>>> print(open('protein-v7.pdb').read())   # PDB, C-alpha atoms and all ligand atoms
ATOM      1  CA  MET B   1       0.000   0.000   0.000
ATOM      2  CA  LEU B   2       0.871   3.624  -0.125
ATOM      3  CA  ASP B   3       3.568   4.629   2.330
ATOM      4  CA  LYS B   4       1.736   6.605   4.977
ATOM      5  CA  GLY B   5       4.983   8.202   6.070
ATOM      6  CA  LEU B   6       5.199   9.866   2.696
ATOM      7  CA  THR B   7       1.789  11.369   2.862
ATOM      8  CA  LEU B   8       0.730  12.206   6.359
ATOM      9  CA  GLN B   9       1.211  15.445   8.197
ATOM     10  CA  TYR B  10       3.233  17.020   5.407
ATOM     11  CA  ARG B  11       6.494  16.532   7.243
ATOM     12  CA  GLU B  12       9.738  17.529   5.668
ATOM     13  CA  LYS B  13      11.423  14.465   4.228
ATOM     14  CA  PRO B  14      14.745  14.107   2.482
ATOM     15  CA  THR B  15      14.492  13.312  -1.189
ATOM     16  CA  ARG B  16      16.909  12.311  -3.879
ATOM     17  CA  GLY B  17      19.427  14.973  -4.704
ATOM     18  CA  GLY B  18      19.358  16.276  -1.149
ATOM     19  CA  LEU B  19      16.321  18.514  -1.575
ATOM     20  CA  ARG B  20      13.752  18.368   1.134
ATOM     21  CA  ALA B  21      10.129  17.917   0.209
ATOM     22  CA  LYS B  22       7.574  19.654   2.350
ATOM     23  CA  GLY B  23       4.431  17.575   2.057
ATOM     24  CA  PHE B  24       2.928  15.222  -0.431
ATOM     25  CA  GLY B  25      -0.764  16.020  -0.006
ATOM     26  CA  LEU B  26      -3.263  16.150  -2.800
ATOM     27  CA  ALA B  27      -4.412  19.199  -4.643
ATOM     28  CA  ARG B  28      -7.658  21.042  -4.086
ATOM     29  CA  SER B  29      -6.961  20.991  -0.368
ATOM     30  CA  GLN B  30      -7.471  24.449   1.025
ATOM     31  CA  GLY B  31      -8.688  23.599   4.516
ATOM     32  CA  PRO B  32      -6.675  23.594   7.708
ATOM     33  CA  ALA B  33      -4.699  20.544   6.539
ATOM     34  CA  SER B  34      -3.385  22.299   3.458
ATOM     35  CA  PRO B  35       0.264  21.510   2.867
ATOM     36  CA  PRO B  36       2.889  24.218   2.755
ATOM     37  CA  SER B  37       2.718  25.710  -0.713
ATOM     38  CA  SER B  38       5.237  27.333  -2.963
ATOM     39  CA  MET B  39       4.094  30.583  -1.374
ATOM     40  CA  THR B  40       5.980  29.555   1.771
ATOM     41  CA  ARG B  41       9.213  28.959  -0.151
ATOM     42  CA  THR B  42      11.734  31.559  -1.076
ATOM     43  CA  GLU B  43      12.395  32.263  -4.724
ATOM     44  CA  GLY B  44      15.870  30.753  -4.309
ATOM     45  CA  GLU B  45      14.419  27.492  -2.944
ATOM     46  CA  LEU B  46      11.929  27.275  -5.793
ATOM     47  CA  ARG B  47      14.668  27.903  -8.378
ATOM     48  CA  ARG B  48      16.714  25.028  -6.924
ATOM     49  CA  GLU B  49      13.684  22.712  -6.872
ATOM     50  CA  ILE B  50      12.832  23.442 -10.509
ATOM     51  CA  VAL B  51      16.423  22.786 -11.602
ATOM     52  CA  GLU B  52      16.512  19.539  -9.611
ATOM     53  CA  ILE B  53      13.159  18.316 -10.967
ATOM     54  CA  GLY B  54      14.415  19.186 -14.459
ATOM     55  CA  ARG B  55      17.340  16.808 -13.894
ATOM     56  CA  TRP B  56      15.037  14.057 -12.660
ATOM     57  CA  ILE B  57      12.646  14.218 -15.595
ATOM     58  CA  HIS B  58      15.619  14.230 -17.969
ATOM     59  CA  GLN B  59      17.417  11.341 -16.233
ATOM     60  CA  GLN B  60      14.263   9.255 -16.220
ATOM     61  CA  GLY B  61      13.698   9.790 -19.923
ATOM     62  CA  PHE B  62      10.474  11.717 -19.384
ATOM     63  CA  VAL B  63      11.794  14.351 -21.831
ATOM     64  CA  ALA B  64      14.168  14.507 -24.799
ATOM     65  CA  ALA B  65      16.136  17.457 -26.139
ATOM     66  CA  TYR B  66      14.309  20.671 -25.122
ATOM     67  CA  ASP B  67      11.017  18.962 -24.184
ATOM     68  CA  GLY B  68       8.983  19.749 -21.109
ATOM     69  CA  ASN B  69       8.558  22.683 -18.788
ATOM     70  CA  ILE B  70       8.241  23.243 -15.055
ATOM     71  CA  SER B  71       6.842  26.220 -13.167
ATOM     72  CA  ALA B  72       6.012  27.445  -9.673
ATOM     73  CA  ARG B  73       3.668  30.154  -8.428
ATOM     74  CA  LEU B  74       5.825  32.824  -6.781
ATOM     75  CA  ASP B  75       2.952  35.057  -5.668
ATOM     76  CA  ASP B  76      -0.299  36.516  -6.974
ATOM     77  CA  HIS B  77       1.497  38.345  -9.758
ATOM     78  CA  ARG B  78       4.453  36.203 -10.796
ATOM     79  CA  ILE B  79       5.250  32.712 -12.074
ATOM     80  CA  LEU B  80       8.763  31.236 -12.038
ATOM     81  CA  SER B  81       9.361  28.956 -15.015
ATOM     82  CA  THR B  82      11.853  27.057 -17.106
ATOM     83  CA  PRO B  83      12.871  28.957 -20.267
ATOM     84  CA  THR B  84      12.269  27.852 -23.827
ATOM     85  CA  THR B  85      14.791  25.759 -25.864
ATOM     86  CA  THR B  86      16.762  24.488 -22.883
ATOM     87  CA  SER B  87      17.521  20.909 -21.879
ATOM     88  CA  LYS B  88      15.733  20.387 -18.592
ATOM     89  CA  GLY B  89      18.650  18.200 -17.506
ATOM     90  CA  MET B  90      21.232  20.972 -17.872
ATOM     91  CA  MET B  91      19.578  24.067 -16.414
ATOM     92  CA  GLN B  92      21.127  26.474 -13.940
ATOM     93  CA  THR B  93      19.034  28.445 -11.454
ATOM     94  CA  GLU B  94      19.842  31.686 -13.281
ATOM     95  CA  ASP B  95      18.365  30.285 -16.542
ATOM     96  CA  LEU B  96      14.840  30.460 -15.107
ATOM     97  CA  VAL B  97      12.407  33.168 -16.147
ATOM     98  CA  ILE B  98       9.778  35.111 -14.215
ATOM     99  CA  CYS B  99       6.606  36.166 -16.014
ATOM    100  CA  ASP B 100       3.237  37.633 -15.072
ATOM    101  CA  TYR B 101      -0.165  35.941 -15.313
ATOM    102  CA  GLU B 102      -0.485  37.040 -18.931
ATOM    103  CA  GLY B 103       2.752  35.248 -19.814
ATOM    104  CA  LYS B 104       4.715  38.472 -20.232
ATOM    105  CA  LYS B 105       8.346  38.216 -19.128
ATOM    106  CA  ILE B 106       9.283  40.258 -16.048
ATOM    107  CA  THR B 107      12.877  39.111 -15.496
ATOM    108  CA  GLY B 108      15.290  36.584 -16.951
ATOM    109  CA  ARG B 109      17.889  36.361 -19.708
ATOM    110  CA  ARG B 110      15.990  33.703 -21.632
ATOM    111  CA  SER B 111      12.548  33.654 -23.270
ATOM    112  CA  VAL B 112       9.401  32.346 -21.575
ATOM    113  CA  THR B 113       8.443  28.796 -22.548
ATOM    114  CA  SER B 114       6.016  28.624 -25.484
ATOM    115  CA  GLU B 115       3.752  26.393 -23.372
ATOM    116  CA  MET B 116       3.289  28.965 -20.612
ATOM    117  CA  ALA B 117      -0.406  29.382 -21.540
ATOM    118  CA  MET B 118      -1.017  25.825 -20.327
ATOM    119  CA  HIS B 119       0.617  26.631 -16.950
ATOM    120  CA  LEU B 120      -1.296  29.895 -16.623
ATOM    121  CA  LEU B 121      -4.598  28.145 -17.330
ATOM    122  CA  ILE B 122      -3.923  25.757 -14.446
ATOM    123  CA  TYR B 123      -2.823  28.480 -11.995
ATOM    124  CA  LYS B 124      -5.866  30.598 -12.830
ATOM    125  CA  ARG B 125      -8.376  27.747 -12.552
ATOM    126  CA  ARG B 126      -6.795  26.103  -9.526
ATOM    127  CA  PRO B 127      -5.854  28.548  -6.764
ATOM    128  CA  ASP B 128      -4.636  25.577  -4.709
ATOM    129  CA  VAL B 129      -1.954  24.723  -7.291
ATOM    130  CA  HIS B 130       1.557  26.060  -6.769
ATOM    131  CA  GLY B 131       3.604  23.789  -9.031
ATOM    132  CA  VAL B 132       3.139  22.457 -12.592
ATOM    133  CA  VAL B 133       5.232  19.855 -14.442
ATOM    134  CA  HIS B 134       4.829  19.082 -18.136
ATOM    135  CA  ALA B 135       6.775  16.238 -19.794
ATOM    136  CA  HIS B 136       6.540  13.539 -22.454
ATOM    137  CA  PRO B 137       7.101  10.279 -20.517
ATOM    138  CA  PRO B 138       7.133   7.576 -23.225
ATOM    139  CA  THR B 139       4.619   5.055 -21.919
ATOM    140  CA  ALA B 140       1.979   7.534 -20.804
ATOM    141  CA  THR B 141       2.532   9.579 -23.965
ATOM    142  CA  GLY B 142       2.137   6.337 -25.926
ATOM    143  CA  TYR B 143      -1.316   5.953 -24.418
ATOM    144  CA  ALA B 144      -2.074   9.584 -25.284
ATOM    145  CA  ALA B 145      -0.901   8.997 -28.865
ATOM    146  CA  ALA B 146      -3.065   5.894 -29.075
ATOM    147  CA  GLY B 147      -6.081   7.948 -28.024
ATOM    148  CA  LEU B 148      -6.381   6.109 -24.715
ATOM    149  CA  SER B 149      -6.837   7.569 -21.265
ATOM    150  CA  LEU B 150      -5.517   5.898 -18.122
ATOM    151  CA  ASN B 151      -8.913   5.674 -16.491
ATOM    152  CA  LYS B 152      -9.178   2.068 -15.342
ATOM    153  CA  ALA B 153      -9.311   1.067 -11.691
ATOM    154  CA  LEU B 154      -6.339  -1.286 -11.995
ATOM    155  CA  VAL B 155      -4.052  -0.150  -9.165
ATOM    156  CA  SER B 156      -5.338   0.814  -5.721
ATOM    157  CA  GLU B 157      -2.724   3.518  -5.049
ATOM    158  CA  VAL B 158      -3.500   5.295  -8.305
ATOM    159  CA  VAL B 159      -7.234   5.308  -7.543
ATOM    160  CA  LEU B 160      -6.420   6.594  -4.068
ATOM    161  CA  SER B 161      -4.154   9.394  -5.220
ATOM    162  CA  LEU B 162      -5.415  10.493  -8.649
ATOM    163  CA  GLY B 163      -8.771   8.789  -9.222
ATOM    164  CA  CYS B 164      -7.919   8.428 -12.877
ATOM    165  CA  ILE B 165      -5.995  10.223 -15.611
ATOM    166  CA  PRO B 166      -8.219  11.537 -18.420
ATOM    167  CA  LEU B 167      -7.184  12.271 -22.000
ATOM    168  CA  ALA B 168      -7.581  15.796 -23.379
ATOM    169  CA  ARG B 169      -8.231  16.031 -27.109
ATOM    170  CA  TYR B 170      -5.366  17.149 -29.346
ATOM    171  CA  GLY B 171      -4.457  20.818 -29.578
ATOM    172  CA  THR B 172      -1.443  22.327 -31.327
ATOM    173  CA  PRO B 173       1.223  23.056 -28.674
ATOM    174  CA  GLY B 174       1.669  26.714 -27.829
ATOM    175  CA  THR B 175      -1.756  27.697 -29.212
ATOM    176  CA  PRO B 176      -5.171  28.338 -27.644
ATOM    177  CA  GLU B 177      -6.280  24.967 -29.065
ATOM    178  CA  LEU B 178      -4.235  23.245 -26.385
ATOM    179  CA  THR B 179      -5.598  25.265 -23.471
ATOM    180  CA  GLU B 180      -9.159  24.909 -24.799
ATOM    181  CA  ALA B 181      -8.714  21.129 -24.804
ATOM    182  CA  LEU B 182      -7.387  21.100 -21.232
ATOM    183  CA  ALA B 183      -9.788  23.652 -19.764
ATOM    184  CA  PRO B 184     -12.763  21.336 -19.069
ATOM    185  CA  LEU B 185     -10.534  18.869 -17.178
ATOM    186  CA  VAL B 186      -8.310  21.088 -15.024
ATOM    187  CA  ALA B 187     -10.777  21.598 -12.156
ATOM    188  CA  SER B 188     -11.511  17.904 -11.622
ATOM    189  CA  TYR B 189      -8.149  16.183 -12.157
ATOM    190  CA  ASP B 190      -4.552  16.587 -10.996
ATOM    191  CA  ALA B 191      -2.928  14.793 -13.955
ATOM    192  CA  ILE B 192      -4.000  14.925 -17.606
ATOM    193  CA  LEU B 193      -2.855  13.099 -20.737
ATOM    194  CA  MET B 194      -2.673  15.362 -23.783
ATOM    195  CA  ALA B 195      -3.490  13.556 -27.031
ATOM    196  CA  ASN B 196      -0.504  13.104 -29.364
ATOM    197  CA  HIS B 197       1.635  15.187 -27.012
ATOM    198  CA  GLY B 198       2.400  14.288 -23.387
ATOM    199  CA  VAL B 199       1.331  14.708 -19.783
ATOM    200  CA  VAL B 200       0.773  17.603 -17.397
ATOM    201  CA  THR B 201       0.620  17.193 -13.612
ATOM    202  CA  TYR B 202       0.209  19.767 -10.867
ATOM    203  CA  GLY B 203      -0.205  20.094  -7.143
ATOM    204  CA  PRO B 204       0.051  22.246  -4.042
ATOM    205  CA  ASP B 205       3.832  22.251  -4.386
ATOM    206  CA  LEU B 206       6.438  21.343  -6.977
ATOM    207  CA  MET B 207       7.364  18.021  -5.423
ATOM    208  CA  THR B 208       3.771  16.806  -5.452
ATOM    209  CA  ALA B 209       3.430  17.858  -9.079
ATOM    210  CA  TYR B 210       6.616  15.947  -9.926
ATOM    211  CA  PHE B 211       5.605  12.814  -7.988
ATOM    212  CA  ARG B 212       2.309  12.790  -9.838
ATOM    213  CA  MET B 213       4.260  12.692 -13.111
ATOM    214  CA  GLU B 214       6.151   9.638 -11.782
ATOM    215  CA  THR B 215       2.858   8.016 -10.743
ATOM    216  CA  VAL B 216       1.310   8.567 -14.185
ATOM    217  CA  GLU B 217       4.261   7.017 -16.040
ATOM    218  CA  HIS B 218       4.534   4.133 -13.562
ATOM    219  CA  PHE B 219       0.815   3.428 -13.892
ATOM    220  CA  ALA B 220       1.051   3.599 -17.688
ATOM    221  CA  LYS B 221       3.751   0.894 -17.587
ATOM    222  CA  ILE B 222       1.614  -1.315 -15.342
ATOM    223  CA  SER B 223      -1.393  -0.786 -17.607
ATOM    224  CA  LEU B 224       0.706  -1.719 -20.619
ATOM    225  CA  VAL B 225       1.826  -4.951 -18.930
ATOM    226  CA  THR B 226      -1.807  -5.912 -18.329
ATOM    227  CA  GLU B 227      -2.506  -5.203 -22.004
ATOM    228  CA  LEU B 228       0.436  -7.433 -22.993
ATOM    229  CA  LEU B 229      -0.828 -10.176 -20.693
ATOM    230  CA  GLY B 230      -4.221  -9.837 -22.361
ATOM    231  CA  ARG B 231      -6.022  -9.634 -19.069
ATOM    232  CA  GLN B 232      -7.187  -6.848 -16.777
ATOM    233  CA  VAL B 233      -8.962  -7.365 -13.462
ATOM    234  CA  LEU B 234     -10.587  -4.083 -12.543
ATOM    235  CA  LEU B 235     -11.517  -3.126  -8.999
ATOM    236  CA  SER B 236     -15.220  -3.182  -8.220
ATOM    237  CA  ASP B 237     -17.361  -0.125  -7.419
ATOM    238  CA  PRO B 238     -17.420  -0.929  -3.659
ATOM    239  CA  GLU B 239     -13.630  -1.397  -3.675
ATOM    240  CA  VAL B 240     -13.141   1.970  -5.375
ATOM    241  CA  ASP B 241     -15.574   3.601  -2.936
ATOM    242  CA  LYS B 242     -13.555   2.252  -0.009
ATOM    243  CA  LEU B 243     -10.323   3.608  -1.472
ATOM    244  CA  LEU B 244     -11.785   7.039  -2.024
ATOM    245  CA  ALA B 245     -13.220   7.038   1.485
ATOM    246  CA  ALA B 246      -9.752   6.184   2.809
ATOM    247  CA  ARG B 247      -8.228   9.316   1.303
ATOM    248  CA  ALA B 248      -8.694  11.273   4.509
ATOM    249  CA  ARG B 249      -6.754   8.582   6.379
ATOM    250  CA  TYR B 250      -3.791   8.922   4.047
ATOM    251  CA  PHE B 251      -3.885  12.570   3.087
ATOM    252  CA  GLY B 252      -5.433  14.133   6.175
ATOM    253  CA  PRO B 253      -8.932  15.458   6.886
ATOM    254  CA  GLY B 254      -8.446  18.272   4.371
ATOM    255  CA  ALA B 255      -8.072  15.818   1.481
ATOM    256  CA  PRO B 256     -10.617  16.860  -1.143
ATOM    257  CA  PRO B 257     -13.015  14.264  -2.505
ATOM    258  CA  ILE B 258     -12.398  12.824  -5.948
ATOM    259  CA  GLU B 259     -15.441  13.087  -8.119
ATOM    260  CA  ARG B 260     -16.638   9.692  -9.287
ATOM    261  CA  SER B 261     -18.185   9.309 -12.707
ATOM    262  CA  SER B 262     -19.088   6.403 -14.949
ATOM    263  CA  VAL B 263     -15.741   6.751 -16.705
ATOM    264  CA  CYS B 264     -13.432   7.715 -13.839
ATOM    265  CA  PRO B 265     -12.259   5.334 -12.756
ATOM    266  CA  VAL B 266     -13.708   2.534 -14.854
ATOM    267  CA  THR B 267     -14.530  -0.375 -12.546
ATOM    268  CA  ASP B 268     -15.476  -3.990 -13.124
ATOM    269  CA  GLY B 269     -19.075  -2.832 -13.353
ATOM    270  CA  VAL B 270     -18.460  -2.138 -17.029
ATOM    271  CA  ARG B 271     -16.044  -4.947 -17.636
ATOM    272  CA  GLU B 272     -18.440  -6.848 -19.831
ATOM    273  CA  THR B 273     -19.083  -3.938 -22.150
ATOM    274  CA  SER B 274     -15.408  -3.052 -22.445
ATOM    275  CA  GLU B 275     -14.143  -6.620 -22.823
ATOM    276  CA  ARG B 276     -11.917  -7.081 -25.849
ATOM    277  CA  ILE B 277     -12.336 -10.191 -27.935
ATOM    278  CA  PRO B 278      -9.443 -10.957 -30.296
ATOM    279  CA  VAL B 279     -10.674 -11.598 -33.843
ATOM    280  CA  SER B 280      -8.500 -12.420 -36.869
ATOM    281  CA  ARG B 281      -8.901 -10.476 -40.111
ATOM    282  CA  GLN B 282     -10.318 -13.620 -41.768
ATOM    283  CA  GLU B 283     -12.874 -14.094 -38.994
ATOM    284  CA  LEU B 284     -13.826 -10.414 -39.151
ATOM    285  CA  GLU B 285     -14.332 -10.551 -42.936
ATOM    286  CA  ALA B 286     -16.444 -13.704 -42.566
ATOM    287  CA  MET B 287     -18.586 -12.010 -39.907
ATOM    288  CA  VAL B 288     -19.104  -8.922 -42.080
ATOM    289  CA  ARG B 289     -19.995 -11.118 -45.106
ATOM    290  CA  GLU B 290     -22.457 -13.077 -43.012
ATOM    291  CA  ALA B 291     -24.059  -9.897 -41.624
ATOM    292  CA  VAL B 292     -24.436  -8.388 -45.112
ATOM    293  CA  ARG B 293     -25.895 -11.650 -46.450
ATOM    294  CA  SER B 294     -28.430 -11.810 -43.676
ATOM    295  CA  MET B 295     -29.423  -8.145 -44.167
ATOM    296  CA  ILE B 296     -29.923  -8.682 -47.920
ATOM    297  CA  SER B 297     -31.994 -11.799 -47.384
ATOM    298  CA  ARG B 298     -34.270  -9.893 -44.965
ATOM    299  CA  GLU B 299     -34.781  -6.893 -47.286
ATOM    300  CA  PRO B 300     -37.962  -7.038 -49.336
ATOM    301  CA  THR B 301     -37.277  -7.025 -53.102
ATOM    302  CA  ALA B 302     -38.526  -4.152 -55.268
ATOM    303  CA  LYS B 303     -41.032  -6.522 -56.797
ATOM    304  CA  SER B 304     -42.520  -7.597 -53.489
ATOM    305  CA  VAL B 305     -42.820  -3.976 -52.371
ATOM    306  CA  GLU B 306     -44.684  -3.082 -55.539
ATOM    307  CA  GLY B 307     -46.817  -6.158 -55.185
TER
HETATM  308 ZN    ZN B 401       5.137  19.389 -24.594
END
>>> encode(input="protein-v7.pdb", output="structure tokens")
Amino acid sequence: MLDKGLTLQYREKPTRGGLRAKGFGLARSQGPASPPSSMTRTEGELRREIVEIGRWIHQQGFVAAYDGNISARLDDHRILSTPTTTSKGMMQTEDLVICDYEGKKITGRRSVTSEMAMHLLIYKRRPDVHGVVHAHPPTATGYAAAGLSLNKALVSEVVLSLGCIPLARYGTPGTPELTEALAPLVASYDAILMANHGVVTYGPDLMTAYFRMETVEHFAKISLVTELLGRQVLLSDPEVDKLLAARARYFGPGAPPIERSSVCPVTDGVRETSERIPVSRQELEAMVREAVRSMISREPTAKSVEG
């Protein structure tokens, strides 16, 4: 199960690279149990965290070349972000850029990332969010490129932490198309697949946003293994209900509820309708021929209609 020590009470814990993470709580938590946000960090601390997370996403192969971007809310007027055309594995703290909530650069030698509109959308729609990570992790992005969301109740921890990961329709990167595609999903989810593009995750602090990216890619790999095995055993509705009810136990009383819907997460209640039956091309052609033959034989002829 999920390591309670990682999630409860938002204690400071050492992480890889020597940074200390303050809290791993879920987003949308604005009650008394809210974790320390980026607002409690100094700009210097946030710069170091962004650089470190950039190294992690690069080392783990979540990005290639100049891919991806990371940002943190500095205050009500400013966002700290990675610059455009920079390897996220080779950044220095002074490479980062500060812009306003319209995406206009305030300070920094480099240019603002072309995907800043996506970050701004999330900060504007989710006041509880203080960190955003965007990357192209290969397995999760593979699902997004296949037009598949990661919405099945296959792994208890993923249901507990994210509910499910929906797929936003395709939008050209760096254009309003992309933000329009994400907009309907931002309020209800903390991780979103972007069709033919990648993944965006966010949370009350940078570390939570980053860990959610890890969770999405890890879950995508597990989902892929079940696909390869040709078998998926989904959790039942009551099992999912119990997990969602347990969120307060793991994330504190301020943990916000995850909205259940018929498609998030998909449980065994719909297993029969979503079951895949392998059919060869020959069998498929024979079935189509048979269906057409039976339709023709049932259709009244022109003569019989006239008669
Ligand atoms: Zn991208």
>>> closest_atom_pairs(input="protein-v7.pdb", of="chain B", to="ligand ZN 401 (chain B)", cutoff="10 Å", atoms="all atoms listed in the file", output="Markdown table")
| residue | atom | partner | partner_atom | distance |
| --- | --- | --- | --- | --- |
| B:Val63 | CA | B:ZN401 | ZN | 8.8 |
| B:Tyr66 | CA | B:ZN401 | ZN | 9.3 |
| B:Asp67 | CA | B:ZN401 | ZN | 5.9 |
| B:Gly68 | CA | B:ZN401 | ZN | 5.2 |
| B:Asn69 | CA | B:ZN401 | ZN | 7.5 |
| B:Ser114 | CA | B:ZN401 | ZN | 9.3 |
| B:Glu115 | CA | B:ZN401 | ZN | 7.2 |
| B:Met118 | CA | B:ZN401 | ZN | 9.9 |
| B:His134 | CA | B:ZN401 | ZN | 6.5 |
| B:Ala135 | CA | B:ZN401 | ZN | 6.0 |
| B:His136 | CA | B:ZN401 | ZN | 6.4 |
| B:Thr172 | CA | B:ZN401 | ZN | 9.9 |
| B:Pro173 | CA | B:ZN401 | ZN | 6.7 |
| B:Gly174 | CA | B:ZN401 | ZN | 8.7 |
| B:Met194 | CA | B:ZN401 | ZN | 8.8 |
| B:Asn196 | CA | B:ZN401 | ZN | 9.7 |
| B:His197 | CA | B:ZN401 | ZN | 6.0 |
| B:Gly198 | CA | B:ZN401 | ZN | 5.9 |
| B:Val199 | CA | B:ZN401 | ZN | 7.7 |
| B:Val200 | CA | B:ZN401 | ZN | 8.6 |
>>> atom_distance(input="protein-v7.pdb", atom1="CA of Ser280 (chain B)", atom2="CA of Asn151 (chain B)")
27.3 Å
>>> atom_distance(input="protein-v7.pdb", atom1="CA of Arg109 (chain B)", atom2="CA of Arg47 (chain B)")
14.5 Å
>>> closest_residue(input="protein-v7.pdb", among="B:Ala209, B:Leu120, B:Ile53, B:Leu162", to="Arg78 (chain B)", atoms="only C-alpha atoms")
B:Leu120
>>> resolve_selection(input="protein-v7.pdb", expression="the PyMOL selection byres (((chain B and resi 216-218) around 8) and not hetatm)", output="MDAnalysis selection string")
chainID B and resid 137:140 165 191 212:215 219:222
>>> write_last_selection(input="protein-v7.pdb", atoms="C-alpha atoms", output="tab-separated table (two decimals), keeping the file's coordinate frame")
chain	number	residue	atom	x	y	z
B	137	PRO	CA	7.10	10.28	-20.52
B	138	PRO	CA	7.13	7.58	-23.22
B	139	THR	CA	4.62	5.06	-21.92
B	140	ALA	CA	1.98	7.53	-20.80
B	165	ILE	CA	-6.00	10.22	-15.61
B	191	ALA	CA	-2.93	14.79	-13.96
B	212	ARG	CA	2.31	12.79	-9.84
B	213	MET	CA	4.26	12.69	-13.11
B	214	GLU	CA	6.15	9.64	-11.78
B	215	THR	CA	2.86	8.02	-10.74
B	219	PHE	CA	0.82	3.43	-13.89
B	220	ALA	CA	1.05	3.60	-17.69
B	221	LYS	CA	3.75	0.89	-17.59
B	222	ILE	CA	1.61	-1.32	-15.34
>>> residues_around(input="protein-v7.pdb", residues="Trp56 (chain B)", least_positions_apart="3", cutoff="10 Å", atoms="all atoms listed in the file", output="PDB file with C-alpha atoms, in the coordinates of the input")
ATOM      1  CA  ARG B  16      16.909  12.311  -3.879  1.00  0.00           C
ATOM      2  CA  GLY B  17      19.427  14.973  -4.704  1.00  0.00           C
ATOM      3  CA  ILE B  50      12.832  23.442 -10.509  1.00  0.00           C
ATOM      4  CA  VAL B  51      16.423  22.786 -11.602  1.00  0.00           C
ATOM      5  CA  GLU B  52      16.512  19.539  -9.611  1.00  0.00           C
ATOM      6  CA  ILE B  53      13.159  18.316 -10.967  1.00  0.00           C
ATOM      7  CA  GLN B  59      17.417  11.341 -16.233  1.00  0.00           C
ATOM      8  CA  GLN B  60      14.263   9.255 -16.220  1.00  0.00           C
ATOM      9  CA  GLY B  61      13.698   9.790 -19.923  1.00  0.00           C
ATOM     10  CA  PHE B  62      10.474  11.717 -19.384  1.00  0.00           C
ATOM     11  CA  VAL B  63      11.794  14.351 -21.831  1.00  0.00           C
ATOM     12  CA  LYS B  88      15.733  20.387 -18.592  1.00  0.00           C
ATOM     13  CA  GLY B  89      18.650  18.200 -17.506  1.00  0.00           C
ATOM     14  CA  TYR B 210       6.616  15.947  -9.926  1.00  0.00           C
ATOM     15  CA  GLU B 214       6.151   9.638 -11.782  1.00  0.00           C
TER      16      GLU B 214
END
>>> closest_residue(input="protein-v7.pdb", among="B:Thr179, B:Gln92, B:Thr107, B:Thr201", to="Leu80 (chain B)", atoms="all atoms listed in the file")
B:Thr107
